[in-house]
Amino acid sequence: MHPSFSREPLACLEQLNRIGIALSKERDTAKLLETILIAAKSLLNTDAGTLYQLDEDGRELHFKVLRNDSLQLYMGGTTGVAIPFPPISLYDAAGRPNTAMVVTYAVLNDATVMVEDAYADRNFDFSGTRQFDQRTGYCSRSFLTVPMKNHEDRVVGAFQLINALDPETGQIKVFSSADRQLAESLASQAAIALTNHQLIEQLQSLFESLIKLINTAIDQKSPYTGAHCQRVPILTAMIAAAARRSERGRLKNFRPTPEEMYELEIAGLLHDCGKIVTPVHVVDKATKLEAIFDGMELVDTRFEVLKRDARIELLTGKLAALERGDPAAIPTIEQRFRERITELEDDREHVHRCNIGGESMKPEDQERIRRIAGYRWIGTDDQARDLLSADEVCNLCISQGTLNPEERAIIEQHVALTLRMLNALPWPKHLQNVPEYAGSHHEQLDGGGYHRGLDERQLSTQARILCLADVFEALTARDRPYKHGKPLSEALIILGEMVLDRRIDPDLFDVFIREGVWLEYARKYLPPEQVDVVDVSRIPGYIP
């Protein structure tokens with residue numbers, strides 16, 4: 001007799017209540033199914049049992065848990081041992097109900113079935129049972145098969161108990177009507193718990209699919225952000241796992257639960273959702289003059305106008321020299337023309353170079369842009385104007401990247417939009433920090449980040465992890481419109497300098513380097529040409 005088993009009505013009721021509470025709390029499917037069968041065996045004091053689950057089409061029963069105490073045979077559930085038996089079809093090839101087996105009959109007819117002696121029974125096909133007994137030396141006698149029906153009055157599975165045991169002698173006995181009532185009560189609880197669990201899983205799957213849908217929309221909107229949305233959550237999870245293992249410094253107390261790790265994962269997936277409303281021409285701005293189209297084409301046209309004017313001046317000068325009988329002046333005029341064309345070509349090449357964003361722009365290059373802007377050209381309206389407009393000069397003189405201050409403000413606004421969008425959602429308790437983590441991924445320890453200017457006193461470890469993941473991915477990304485991905489050595493040096501400047505968390509950076517997160521990520525997600533040799537002893541800000 002199982003130690004928790006009791007035949008007193010009140011005790012049975014209390015036991016059913018305890019089982020119901022335990023089932024409602026279980027969140028792991030395999031564990032839930034196993035708990036159902038163990039509870040049934042305990043409640044009715046049986047030697048063996050099997051739990052089946054109906055597939056979504058309602059046509060097959062799948063073995064999920066099998067337990068036999070006499071044979072010490074435990075399969076399915078949380079055991080890690082796969083059940084080798086194929087699914088049981090409820091219908092034959094012609095579509096007729098398969099009612100020959102006890103379990104299929106019970107499910108198809110929504111009826112509890114009790115069999116006193118499988119070897120004497122003539123109503124059902126027990127050939128498979130007898131073959132099992134012959135192979136194992138077991139004796140399967142009494143059977144109690146109960147369909148599990150949910151709150152929608154739909155059968156979702158069944159459990160089959162084998163060999164009820166006498167509580168006094170331990171001998172096999174037949175199941176009683178009281179056993180049947182207990183089993184049916186448990187089956188009802190079990191079905192509801194299983195259905196609730198499935199509904200939770202379906203809602204979670206729907207939720208995660210919606211997140212992927214948002215990221216797909218961003219991906220389709222701009223190829224320069226979609227991969228970022230995929231990689232940052234990966235990096236976030238890798239850094240968080242390494243930090244959770246750390247025994248040093250502040251991180252030795254960082255021990256997030258699986259639920260808290262999932263919360264951070266969702267924040268990583270949604271950290272850039274605000275970009276869904278960011279204008280495409282800003283996100284995709286590959287050059288400084290690019291807007292709806294690349295303004296460099298217009299600048300090239302103006303240079304061609306200046307070259308045309310130079311040719312006109314050449315021809316006009318030569319004609320005037322000939323008219324005044326001074327052909328000796330022509331070589332000087334031609335030389336001046338060649339010098340002017342060379343100068344314009346050089347200046348146009350300079351504008352082209354400056355139109356490409358970079359890490360920094362020299363002051364002398366900016367000054368040359370301003371000088372070139374002063375060239376005068378005449379348009380189709382016969383009006384003379386500067387070669388470059390004030391807006392074009394401003395853009396060409398951008399010192400870093402391709403975005404001017406107004407465009408950078410638009411990009412930075414995506415964080416505020418992310419926070420606003422996520423705060424508008426009714427987050428459950430276990431995900432209530434998602435908006436805070438996602439909305440802080442551009443903050444810095446020194447308070448110099450955006451958009452709220454939070455500092456180290458206000459940034460959680462989870463938010464700092466997301467900050468590190470976001471920066472490292474951005475440095476190594478090779479699909480940005482304005483730059484190539486940096487090699488590992490350069491990216492890590494930049495990160496180390498950010499640590500020294502109190503922009504990146506030093507403890508997380510140490511774990512990131514020491515645990516080799518950077519290398520593991522690089523080998524999986526970066527092209528070989530970016531994975532260069534790294535001397536970690538030369539990385540600034542890193543403490544081994």
# chains A, B, ... in the order shown; residues from 1 in each chain; ligands from 1
>>> select_by_dssp(residues="region 387-474 of chain A", states="helix (DSSP H, G or I)", output="PDB file with N, CA, C and O atoms, in the first residue's frame")
ATOM      1  N   ALA A 390      23.166  74.835 -47.590  1.00  0.00           N
ATOM      2  CA  ALA A 390      23.542  74.806 -46.168  1.00  0.00           C
ATOM      3  C   ALA A 390      23.208  73.444 -45.560  1.00  0.00           C
ATOM      4  O   ALA A 390      23.967  72.911 -44.736  1.00  0.00           O
ATOM      5  N   ASP A 391      22.090  72.843 -45.983  1.00  0.00           N
ATOM      6  CA  ASP A 391      21.697  71.526 -45.467  1.00  0.00           C
ATOM      7  C   ASP A 391      22.683  70.455 -45.913  1.00  0.00           C
ATOM      8  O   ASP A 391      23.048  69.571 -45.128  1.00  0.00           O
ATOM      9  N   GLU A 392      23.130  70.554 -47.169  1.00  0.00           N
ATOM     10  CA  GLU A 392      24.090  69.572 -47.677  1.00  0.00           C
ATOM     11  C   GLU A 392      25.435  69.714 -46.979  1.00  0.00           C
ATOM     12  O   GLU A 392      26.096  68.715 -46.664  1.00  0.00           O
ATOM     13  N   VAL A 393      25.864  70.942 -46.726  1.00  0.00           N
ATOM     14  CA  VAL A 393      27.116  71.166 -45.990  1.00  0.00           C
ATOM     15  C   VAL A 393      27.016  70.568 -44.597  1.00  0.00           C
ATOM     16  O   VAL A 393      27.930  69.895 -44.114  1.00  0.00           O
ATOM     17  N   CYS A 394      25.878  70.793 -43.953  1.00  0.00           N
ATOM     18  CA  CYS A 394      25.671  70.256 -42.601  1.00  0.00           C
ATOM     19  C   CYS A 394      25.784  68.737 -42.602  1.00  0.00           C
ATOM     20  O   CYS A 394      26.432  68.147 -41.735  1.00  0.00           O
ATOM     21  N   ASN A 395      25.158  68.086 -43.577  1.00  0.00           N
ATOM     22  CA  ASN A 395      25.189  66.628 -43.644  1.00  0.00           C
ATOM     23  C   ASN A 395      26.577  66.102 -43.995  1.00  0.00           C
ATOM     24  O   ASN A 395      27.058  65.136 -43.399  1.00  0.00           O
ATOM     25  N   LEU A 396      27.233  66.746 -44.972  1.00  0.00           N
ATOM     26  CA  LEU A 396      28.562  66.273 -45.383  1.00  0.00           C
ATOM     27  C   LEU A 396      29.597  66.453 -44.283  1.00  0.00           C
ATOM     28  O   LEU A 396      30.621  65.766 -44.279  1.00  0.00           O
ATOM     29  N   PRO A 405      22.065  65.732 -36.651  1.00  0.00           N
ATOM     30  CA  PRO A 405      21.447  65.788 -35.315  1.00  0.00           C
ATOM     31  C   PRO A 405      19.945  65.516 -35.323  1.00  0.00           C
ATOM     32  O   PRO A 405      19.435  64.849 -34.418  1.00  0.00           O
ATOM     33  N   GLU A 406      19.235  66.031 -36.312  1.00  0.00           N
ATOM     34  CA  GLU A 406      17.783  65.812 -36.369  1.00  0.00           C
ATOM     35  C   GLU A 406      17.462  64.343 -36.608  1.00  0.00           C
ATOM     36  O   GLU A 406      16.559  63.775 -35.963  1.00  0.00           O
ATOM     37  N   GLU A 407      18.204  63.720 -37.516  1.00  0.00           N
ATOM     38  CA  GLU A 407      17.976  62.304 -37.803  1.00  0.00           C
ATOM     39  C   GLU A 407      18.386  61.422 -36.629  1.00  0.00           C
ATOM     40  O   GLU A 407      17.729  60.419 -36.325  1.00  0.00           O
ATOM     41  N   ARG A 408      19.473  61.801 -35.965  1.00  0.00           N
ATOM     42  CA  ARG A 408      19.897  61.027 -34.794  1.00  0.00           C
ATOM     43  C   ARG A 408      18.835  61.097 -33.704  1.00  0.00           C
ATOM     44  O   ARG A 408      18.571  60.106 -33.011  1.00  0.00           O
ATOM     45  N   ALA A 409      18.207  62.260 -33.566  1.00  0.00           N
ATOM     46  CA  ALA A 409      17.140  62.396 -32.572  1.00  0.00           C
ATOM     47  C   ALA A 409      15.957  61.490 -32.926  1.00  0.00           C
ATOM     48  O   ALA A 409      15.318  60.907 -32.040  1.00  0.00           O
ATOM     49  N   ILE A 410      15.679  61.360 -34.235  1.00  0.00           N
ATOM     50  CA  ILE A 410      14.598  60.474 -34.674  1.00  0.00           C
ATOM     51  C   ILE A 410      14.944  59.022 -34.330  1.00  0.00           C
ATOM     52  O   ILE A 410      14.103  58.270 -33.824  1.00  0.00           O
ATOM     53  N   ILE A 411      16.183  58.626 -34.608  1.00  0.00           N
ATOM     54  CA  ILE A 411      16.611  57.257 -34.283  1.00  0.00           C
ATOM     55  C   ILE A 411      16.534  57.022 -32.776  1.00  0.00           C
ATOM     56  O   ILE A 411      16.035  55.994 -32.304  1.00  0.00           O
ATOM     57  N   GLU A 412      17.036  57.960 -32.007  1.00  0.00           N
ATOM     58  CA  GLU A 412      17.042  57.805 -30.551  1.00  0.00           C
ATOM     59  C   GLU A 412      15.630  57.753 -29.985  1.00  0.00           C
ATOM     60  O   GLU A 412      15.403  57.189 -28.912  1.00  0.00           O
ATOM     61  N   GLN A 413      14.695  58.337 -30.721  1.00  0.00           N
ATOM     62  CA  GLN A 413      13.315  58.335 -30.260  1.00  0.00           C
ATOM     63  C   GLN A 413      12.729  56.930 -30.215  1.00  0.00           C
ATOM     64  O   GLN A 413      11.738  56.678 -29.528  1.00  0.00           O
ATOM     65  N   HIS A 414      13.373  55.967 -30.931  1.00  0.00           N
ATOM     66  CA  HIS A 414      12.822  54.610 -30.940  1.00  0.00           C
ATOM     67  C   HIS A 414      12.817  53.990 -29.547  1.00  0.00           C
ATOM     68  O   HIS A 414      11.974  53.130 -29.254  1.00  0.00           O
ATOM     69  N   VAL A 415      13.735  54.432 -28.676  1.00  0.00           N
ATOM     70  CA  VAL A 415      13.766  53.889 -27.314  1.00  0.00           C
ATOM     71  C   VAL A 415      12.544  54.371 -26.539  1.00  0.00           C
ATOM     72  O   VAL A 415      11.889  53.597 -25.836  1.00  0.00           O
ATOM     73  N   ALA A 416      12.239  55.665 -26.684  1.00  0.00           N
ATOM     74  CA  ALA A 416      11.053  56.210 -26.013  1.00  0.00           C
ATOM     75  C   ALA A 416       9.789  55.537 -26.538  1.00  0.00           C
ATOM     76  O   ALA A 416       8.868  55.219 -25.772  1.00  0.00           O
ATOM     77  N   LEU A 417       9.754  55.302 -27.844  1.00  0.00           N
ATOM     78  CA  LEU A 417       8.593  54.627 -28.435  1.00  0.00           C
ATOM     79  C   LEU A 417       8.494  53.185 -27.953  1.00  0.00           C
ATOM     80  O   LEU A 417       7.394  52.680 -27.681  1.00  0.00           O
ATOM     81  N   THR A 418       9.638  52.516 -27.833  1.00  0.00           N
ATOM     82  CA  THR A 418       9.648  51.150 -27.306  1.00  0.00           C
ATOM     83  C   THR A 418       9.048  51.111 -25.909  1.00  0.00           C
ATOM     84  O   THR A 418       8.184  50.283 -25.599  1.00  0.00           O
ATOM     85  N   LEU A 419       9.526  52.012 -25.063  1.00  0.00           N
ATOM     86  CA  LEU A 419       9.041  52.061 -23.678  1.00  0.00           C
ATOM     87  C   LEU A 419       7.554  52.390 -23.636  1.00  0.00           C
ATOM     88  O   LEU A 419       6.785  51.780 -22.889  1.00  0.00           O
ATOM     89  N   ARG A 420       7.135  53.337 -24.467  1.00  0.00           N
ATOM     90  CA  ARG A 420       5.731  53.737 -24.475  1.00  0.00           C
ATOM     91  C   ARG A 420       4.845  52.583 -24.965  1.00  0.00           C
ATOM     92  O   ARG A 420       3.786  52.306 -24.386  1.00  0.00           O
ATOM     93  N   MET A 421       5.270  51.916 -26.019  1.00  0.00           N
ATOM     94  CA  MET A 421       4.476  50.809 -26.562  1.00  0.00           C
ATOM     95  C   MET A 421       4.372  49.663 -25.553  1.00  0.00           C
ATOM     96  O   MET A 421       3.299  49.094 -25.341  1.00  0.00           O
ATOM     97  N   LEU A 422       5.491  49.326 -24.925  1.00  0.00           N
ATOM     98  CA  LEU A 422       5.497  48.191 -24.001  1.00  0.00           C
ATOM     99  C   LEU A 422       4.759  48.509 -22.708  1.00  0.00           C
ATOM    100  O   LEU A 422       4.124  47.626 -22.120  1.00  0.00           O
ATOM    101  N   ASN A 423       4.843  49.752 -22.257  1.00  0.00           N
ATOM    102  CA  ASN A 423       4.124  50.140 -21.038  1.00  0.00           C
ATOM    103  C   ASN A 423       2.612  50.123 -21.241  1.00  0.00           C
ATOM    104  O   ASN A 423       1.853  50.085 -20.265  1.00  0.00           O
ATOM    105  N   LYS A 429       2.561  39.358 -14.051  1.00  0.00           N
ATOM    106  CA  LYS A 429       3.538  39.651 -13.011  1.00  0.00           C
ATOM    107  C   LYS A 429       4.934  39.172 -13.368  1.00  0.00           C
ATOM    108  O   LYS A 429       5.927  39.868 -13.115  1.00  0.00           O
ATOM    109  N   HIS A 430       5.050  37.979 -13.969  1.00  0.00           N
ATOM    110  CA  HIS A 430       6.378  37.423 -14.235  1.00  0.00           C
ATOM    111  C   HIS A 430       7.074  38.097 -15.421  1.00  0.00           C
ATOM    112  O   HIS A 430       8.226  37.785 -15.715  1.00  0.00           O
ATOM    113  N   LEU A 431       6.376  39.028 -16.101  1.00  0.00           N
ATOM    114  CA  LEU A 431       6.987  39.757 -17.210  1.00  0.00           C
ATOM    115  C   LEU A 431       6.892  41.270 -17.026  1.00  0.00           C
ATOM    116  O   LEU A 431       7.100  42.031 -17.977  1.00  0.00           O
ATOM    117  N   VAL A 434       9.696  43.740 -18.327  1.00  0.00           N
ATOM    118  CA  VAL A 434      10.086  43.773 -19.738  1.00  0.00           C
ATOM    119  C   VAL A 434      10.205  45.198 -20.268  1.00  0.00           C
ATOM    120  O   VAL A 434      11.208  45.549 -20.912  1.00  0.00           O
ATOM    121  N   PRO A 435       9.220  46.091 -20.042  1.00  0.00           N
ATOM    122  CA  PRO A 435       9.352  47.460 -20.558  1.00  0.00           C
ATOM    123  C   PRO A 435      10.593  48.172 -20.020  1.00  0.00           C
ATOM    124  O   PRO A 435      11.289  48.864 -20.779  1.00  0.00           O
ATOM    125  N   GLU A 436      10.882  47.999 -18.745  1.00  0.00           N
ATOM    126  CA  GLU A 436      12.035  48.675 -18.143  1.00  0.00           C
ATOM    127  C   GLU A 436      13.345  48.190 -18.747  1.00  0.00           C
ATOM    128  O   GLU A 436      14.214  48.996 -19.105  1.00  0.00           O
ATOM    129  N   TYR A 437      13.497  46.886 -18.876  1.00  0.00           N
ATOM    130  CA  TYR A 437      14.734  46.351 -19.454  1.00  0.00           C
ATOM    131  C   TYR A 437      14.880  46.773 -20.907  1.00  0.00           C
ATOM    132  O   TYR A 437      15.942  47.253 -21.327  1.00  0.00           O
ATOM    133  N   ALA A 438      13.827  46.578 -21.685  1.00  0.00           N
ATOM    134  CA  ALA A 438      13.891  46.892 -23.119  1.00  0.00           C
ATOM    135  C   ALA A 438      14.091  48.379 -23.359  1.00  0.00           C
ATOM    136  O   ALA A 438      14.802  48.782 -24.286  1.00  0.00           O
ATOM    137  N   THR A 461      20.837  44.970 -13.233  1.00  0.00           N
ATOM    138  CA  THR A 461      21.803  44.098 -13.912  1.00  0.00           C
ATOM    139  C   THR A 461      21.247  43.623 -15.254  1.00  0.00           C
ATOM    140  O   THR A 461      21.980  43.542 -16.251  1.00  0.00           O
ATOM    141  N   GLN A 462      19.953  43.325 -15.284  1.00  0.00           N
ATOM    142  CA  GLN A 462      19.347  42.863 -16.541  1.00  0.00           C
ATOM    143  C   GLN A 462      19.439  43.935 -17.627  1.00  0.00           C
ATOM    144  O   GLN A 462      19.751  43.627 -18.789  1.00  0.00           O
ATOM    145  N   ALA A 463      19.164  45.190 -17.259  1.00  0.00           N
ATOM    146  CA  ALA A 463      19.250  46.281 -18.231  1.00  0.00           C
ATOM    147  C   ALA A 463      20.692  46.457 -18.710  1.00  0.00           C
ATOM    148  O   ALA A 463      20.943  46.709 -19.894  1.00  0.00           O
ATOM    149  N   ARG A 464      21.652  46.298 -17.811  1.00  0.00           N
ATOM    150  CA  ARG A 464      23.067  46.425 -18.181  1.00  0.00           C
ATOM    151  C   ARG A 464      23.497  45.309 -19.137  1.00  0.00           C
ATOM    152  O   ARG A 464      24.313  45.525 -20.033  1.00  0.00           O
ATOM    153  N   ILE A 465      22.953  44.118 -18.919  1.00  0.00           N
ATOM    154  CA  ILE A 465      23.245  43.002 -19.828  1.00  0.00           C
ATOM    155  C   ILE A 465      22.763  43.332 -21.234  1.00  0.00           C
ATOM    156  O   ILE A 465      23.477  43.129 -22.227  1.00  0.00           O
ATOM    157  N   LEU A 466      21.563  43.870 -21.323  1.00  0.00           N
ATOM    158  CA  LEU A 466      20.996  44.222 -22.620  1.00  0.00           C
ATOM    159  C   LEU A 466      21.804  45.333 -23.287  1.00  0.00           C
ATOM    160  O   LEU A 466      22.003  45.319 -24.508  1.00  0.00           O
ATOM    161  N   CYS A 467      22.306  46.277 -22.492  1.00  0.00           N
ATOM    162  CA  CYS A 467      23.160  47.352 -23.027  1.00  0.00           C
ATOM    163  C   CYS A 467      24.427  46.770 -23.656  1.00  0.00           C
ATOM    164  O   CYS A 467      24.810  47.147 -24.772  1.00  0.00           O
ATOM    165  N   LEU A 468      25.082  45.860 -22.941  1.00  0.00           N
ATOM    166  CA  LEU A 468      26.316  45.251 -23.441  1.00  0.00           C
ATOM    167  C   LEU A 468      26.046  44.461 -24.712  1.00  0.00           C
ATOM    168  O   LEU A 468      26.800  44.558 -25.694  1.00  0.00           O
ATOM    169  N   ALA A 469      24.979  43.682 -24.713  1.00  0.00           N
ATOM    170  CA  ALA A 469      24.640  42.884 -25.897  1.00  0.00           C
ATOM    171  C   ALA A 469      24.364  43.770 -27.097  1.00  0.00           C
ATOM    172  O   ALA A 469      24.816  43.486 -28.215  1.00  0.00           O
ATOM    173  N   ASP A 470      23.655  44.859 -26.882  1.00  0.00           N
ATOM    174  CA  ASP A 470      23.296  45.759 -27.978  1.00  0.00           C
ATOM    175  C   ASP A 470      24.533  46.409 -28.594  1.00  0.00           C
ATOM    176  O   ASP A 470      24.675  46.479 -29.816  1.00  0.00           O
ATOM    177  N   VAL A 471      25.455  46.869 -27.754  1.00  0.00           N
ATOM    178  CA  VAL A 471      26.663  47.538 -28.257  1.00  0.00           C
ATOM    179  C   VAL A 471      27.568  46.564 -28.998  1.00  0.00           C
ATOM    180  O   VAL A 471      28.062  46.857 -30.093  1.00  0.00           O
ATOM    181  N   PHE A 472      27.788  45.385 -28.414  1.00  0.00           N
ATOM    182  CA  PHE A 472      28.684  44.427 -29.061  1.00  0.00           C
ATOM    183  C   PHE A 472      28.129  43.978 -30.410  1.00  0.00           C
ATOM    184  O   PHE A 472      28.872  43.857 -31.392  1.00  0.00           O
ATOM    185  N   GLU A 473      26.823  43.748 -30.478  1.00  0.00           N
ATOM    186  CA  GLU A 473      26.223  43.344 -31.748  1.00  0.00           C
ATOM    187  C   GLU A 473      26.366  44.454 -32.779  1.00  0.00           C
ATOM    188  O   GLU A 473      26.687  44.188 -33.948  1.00  0.00           O
ATOM    189  N   ALA A 474      26.146  45.697 -32.353  1.00  0.00           N
ATOM    190  CA  ALA A 474      26.247  46.823 -33.282  1.00  0.00           C
ATOM    191  C   ALA A 474      27.675  46.982 -33.802  1.00  0.00           C
ATOM    192  O   ALA A 474      27.894  47.296 -34.977  1.00  0.00           O
TER     193      ALA A 474
END
>>> residues_around(residues="region 260-262 of chain A", least_positions_apart="5", cutoff="12 Å", atoms="only C-alpha atoms", output="VMD selection string")
chain A and resid 204 208 233 236 to 244 254 to 255 267 to 269 429 to 434 437 461 to 462 465
>>> write_last_selection(atoms="N, CA, C and O atoms", output="CSV table (one decimal), in the first residue's frame")
chain,number,residue,atom,x,y,z
A,204,GLN,N,1.3,31.4,-24.7
A,204,GLN,CA,2.7,31.8,-24.7
A,204,GLN,C,3.2,31.7,-26.1
A,204,GLN,O,4.0,32.6,-26.6
A,208,GLU,N,4.8,34.8,-28.2
A,208,GLU,CA,6.1,34.8,-28.8
A,208,GLU,C,6.0,34.9,-30.4
A,208,GLU,O,6.9,35.6,-31.0
A,233,PRO,N,18.9,39.2,-28.7
A,233,PRO,CA,18.4,38.3,-27.7
A,233,PRO,C,19.3,37.1,-27.4
A,233,PRO,O,19.4,36.6,-26.3
A,236,THR,N,22.1,38.4,-25.4
A,236,THR,CA,21.6,38.7,-24.0
A,236,THR,C,21.5,37.4,-23.2
A,236,THR,O,22.0,37.4,-22.0
A,237,ALA,N,21.0,36.4,-23.8
A,237,ALA,CA,20.9,35.1,-23.1
A,237,ALA,C,22.2,34.5,-22.7
A,237,ALA,O,22.5,34.0,-21.6
A,238,MET,N,23.2,34.6,-23.6
A,238,MET,CA,24.5,34.1,-23.4
A,238,MET,C,25.2,34.9,-22.3
A,238,MET,O,25.9,34.3,-21.4
A,239,ILE,N,25.1,36.2,-22.3
A,239,ILE,CA,25.8,37.0,-21.2
A,239,ILE,C,25.1,36.7,-19.9
A,239,ILE,O,25.8,36.6,-18.9
A,240,ALA,N,23.8,36.7,-19.9
A,240,ALA,CA,23.0,36.4,-18.6
A,240,ALA,C,23.4,35.1,-18.0
A,240,ALA,O,23.6,34.9,-16.8
A,241,ALA,N,23.5,34.0,-18.9
A,241,ALA,CA,23.9,32.7,-18.4
A,241,ALA,C,25.3,32.7,-17.8
A,241,ALA,O,25.6,32.1,-16.7
A,242,ALA,N,26.2,33.5,-18.4
A,242,ALA,CA,27.6,33.6,-17.9
A,242,ALA,C,27.6,34.3,-16.6
A,242,ALA,O,28.3,34.0,-15.6
A,243,ALA,N,26.8,35.4,-16.5
A,243,ALA,CA,26.8,36.2,-15.3
A,243,ALA,C,26.2,35.4,-14.1
A,243,ALA,O,26.6,35.6,-13.0
A,244,ARG,N,25.2,34.6,-14.4
A,244,ARG,CA,24.6,33.8,-13.4
A,244,ARG,C,25.6,32.8,-12.8
A,244,ARG,O,25.4,32.3,-11.6
A,254,PHE,N,23.9,37.5,-8.4
A,254,PHE,CA,23.0,37.5,-9.5
A,254,PHE,C,22.6,36.1,-9.8
A,254,PHE,O,23.3,35.4,-10.5
A,255,ARG,N,21.4,35.7,-9.4
A,255,ARG,CA,21.0,34.3,-9.5
A,255,ARG,C,19.5,34.3,-10.0
A,255,ARG,O,18.6,34.0,-9.3
A,267,ALA,N,12.5,40.7,-23.2
A,267,ALA,CA,12.9,42.1,-23.3
A,267,ALA,C,13.9,42.3,-24.4
A,267,ALA,O,13.9,43.3,-25.2
A,268,GLY,N,14.8,41.3,-24.6
A,268,GLY,CA,15.8,41.3,-25.7
A,268,GLY,C,15.1,41.2,-27.0
A,268,GLY,O,15.5,41.9,-28.0
A,269,LEU,N,14.1,40.4,-27.1
A,269,LEU,CA,13.3,40.3,-28.4
A,269,LEU,C,12.6,41.6,-28.8
A,269,LEU,O,12.4,41.9,-29.9
A,429,LYS,N,2.6,39.4,-14.1
A,429,LYS,CA,3.5,39.7,-13.0
A,429,LYS,C,4.9,39.2,-13.4
A,429,LYS,O,5.9,39.9,-13.1
A,430,HIS,N,5.0,38.0,-14.0
A,430,HIS,CA,6.4,37.4,-14.2
A,430,HIS,C,7.1,38.1,-15.4
A,430,HIS,O,8.2,37.8,-15.7
A,431,LEU,N,6.4,39.0,-16.1
A,431,LEU,CA,7.0,39.8,-17.2
A,431,LEU,C,6.9,41.3,-17.0
A,431,LEU,O,7.1,42.0,-18.0
A,432,GLN,N,6.6,41.7,-15.8
A,432,GLN,CA,6.3,43.1,-15.6
A,432,GLN,C,7.6,44.0,-15.8
A,432,GLN,O,7.4,45.2,-16.0
A,433,ASN,N,8.8,43.5,-15.8
A,433,ASN,CA,10.0,44.3,-16.0
A,433,ASN,C,10.4,44.4,-17.4
A,433,ASN,O,11.4,45.1,-17.7
A,434,VAL,N,9.7,43.7,-18.3
A,434,VAL,CA,10.1,43.8,-19.7
A,434,VAL,C,10.2,45.2,-20.3
A,434,VAL,O,11.2,45.5,-20.9
A,437,TYR,N,13.5,46.9,-18.9
A,437,TYR,CA,14.7,46.4,-19.5
A,437,TYR,C,14.9,46.8,-20.9
A,437,TYR,O,15.9,47.3,-21.3
A,461,THR,N,20.8,45.0,-13.2
A,461,THR,CA,21.8,44.1,-13.9
A,461,THR,C,21.2,43.6,-15.3
A,461,THR,O,22.0,43.5,-16.3
A,462,GLN,N,20.0,43.3,-15.3
A,462,GLN,CA,19.3,42.9,-16.5
A,462,GLN,C,19.4,43.9,-17.6
A,462,GLN,O,19.8,43.6,-18.8
A,465,ILE,N,23.0,44.1,-18.9
A,465,ILE,CA,23.2,43.0,-19.8
A,465,ILE,C,22.8,43.3,-21.2
A,465,ILE,O,23.5,43.1,-22.2
>>> closest_residue(among="A:Pro527, A:Thr79, A:His484, A:Asp382", to="Ala286 (chain A)", atoms="only C-alpha atoms")
A:His484
>>> select_by_dssp(residues="region 324-408 of chain A", states="strand (DSSP E)", output="list in words")
Arg376, Trp377, Ile378, Ala384, Arg385 and Asp386 of chain A
>>> atom_distance(atom1="CA of Arg376 (chain A)", atom2="CA of Arg302 (chain A)")
9.5 Å
>>> atom_distance(atom1="CA of Ala227 (chain A)", atom2="CA of Gln530 (chain A)")
16.8 Å
>>> closest_residue(among="A:Tyr91, A:Phe132, A:Tyr525, A:Phe126", to="Glu60 (chain A)", atoms="only C-alpha atoms")
A:Tyr91
>>> residues_around(residues="region 99-101 of chain A", least_positions_apart="5", cutoff="8 Å", atoms="only C-alpha atoms", output="list of chain:residue names")
A:Leu90, A:Leu108, A:Asn123, A:Phe124, A:Asp125, A:Phe126
>>> closest_atom_pairs(of="region 406-463 of chain A", to="region 493-505 of chain A", cutoff="7 Å", atoms="only C-alpha atoms", output="CSV")
residue,atom,partner,partner_atom,distance
A:Gln444,CA,A:Arg503,CA,4.6
A:Leu445,CA,A:Arg503,CA,4.9
A:Asp446,CA,A:Arg502,CA,5.4
>>> atom_distance(atom1="CA of Leu306 (chain A)", atom2="CA of Trp377 (chain A)")
6.3 Å
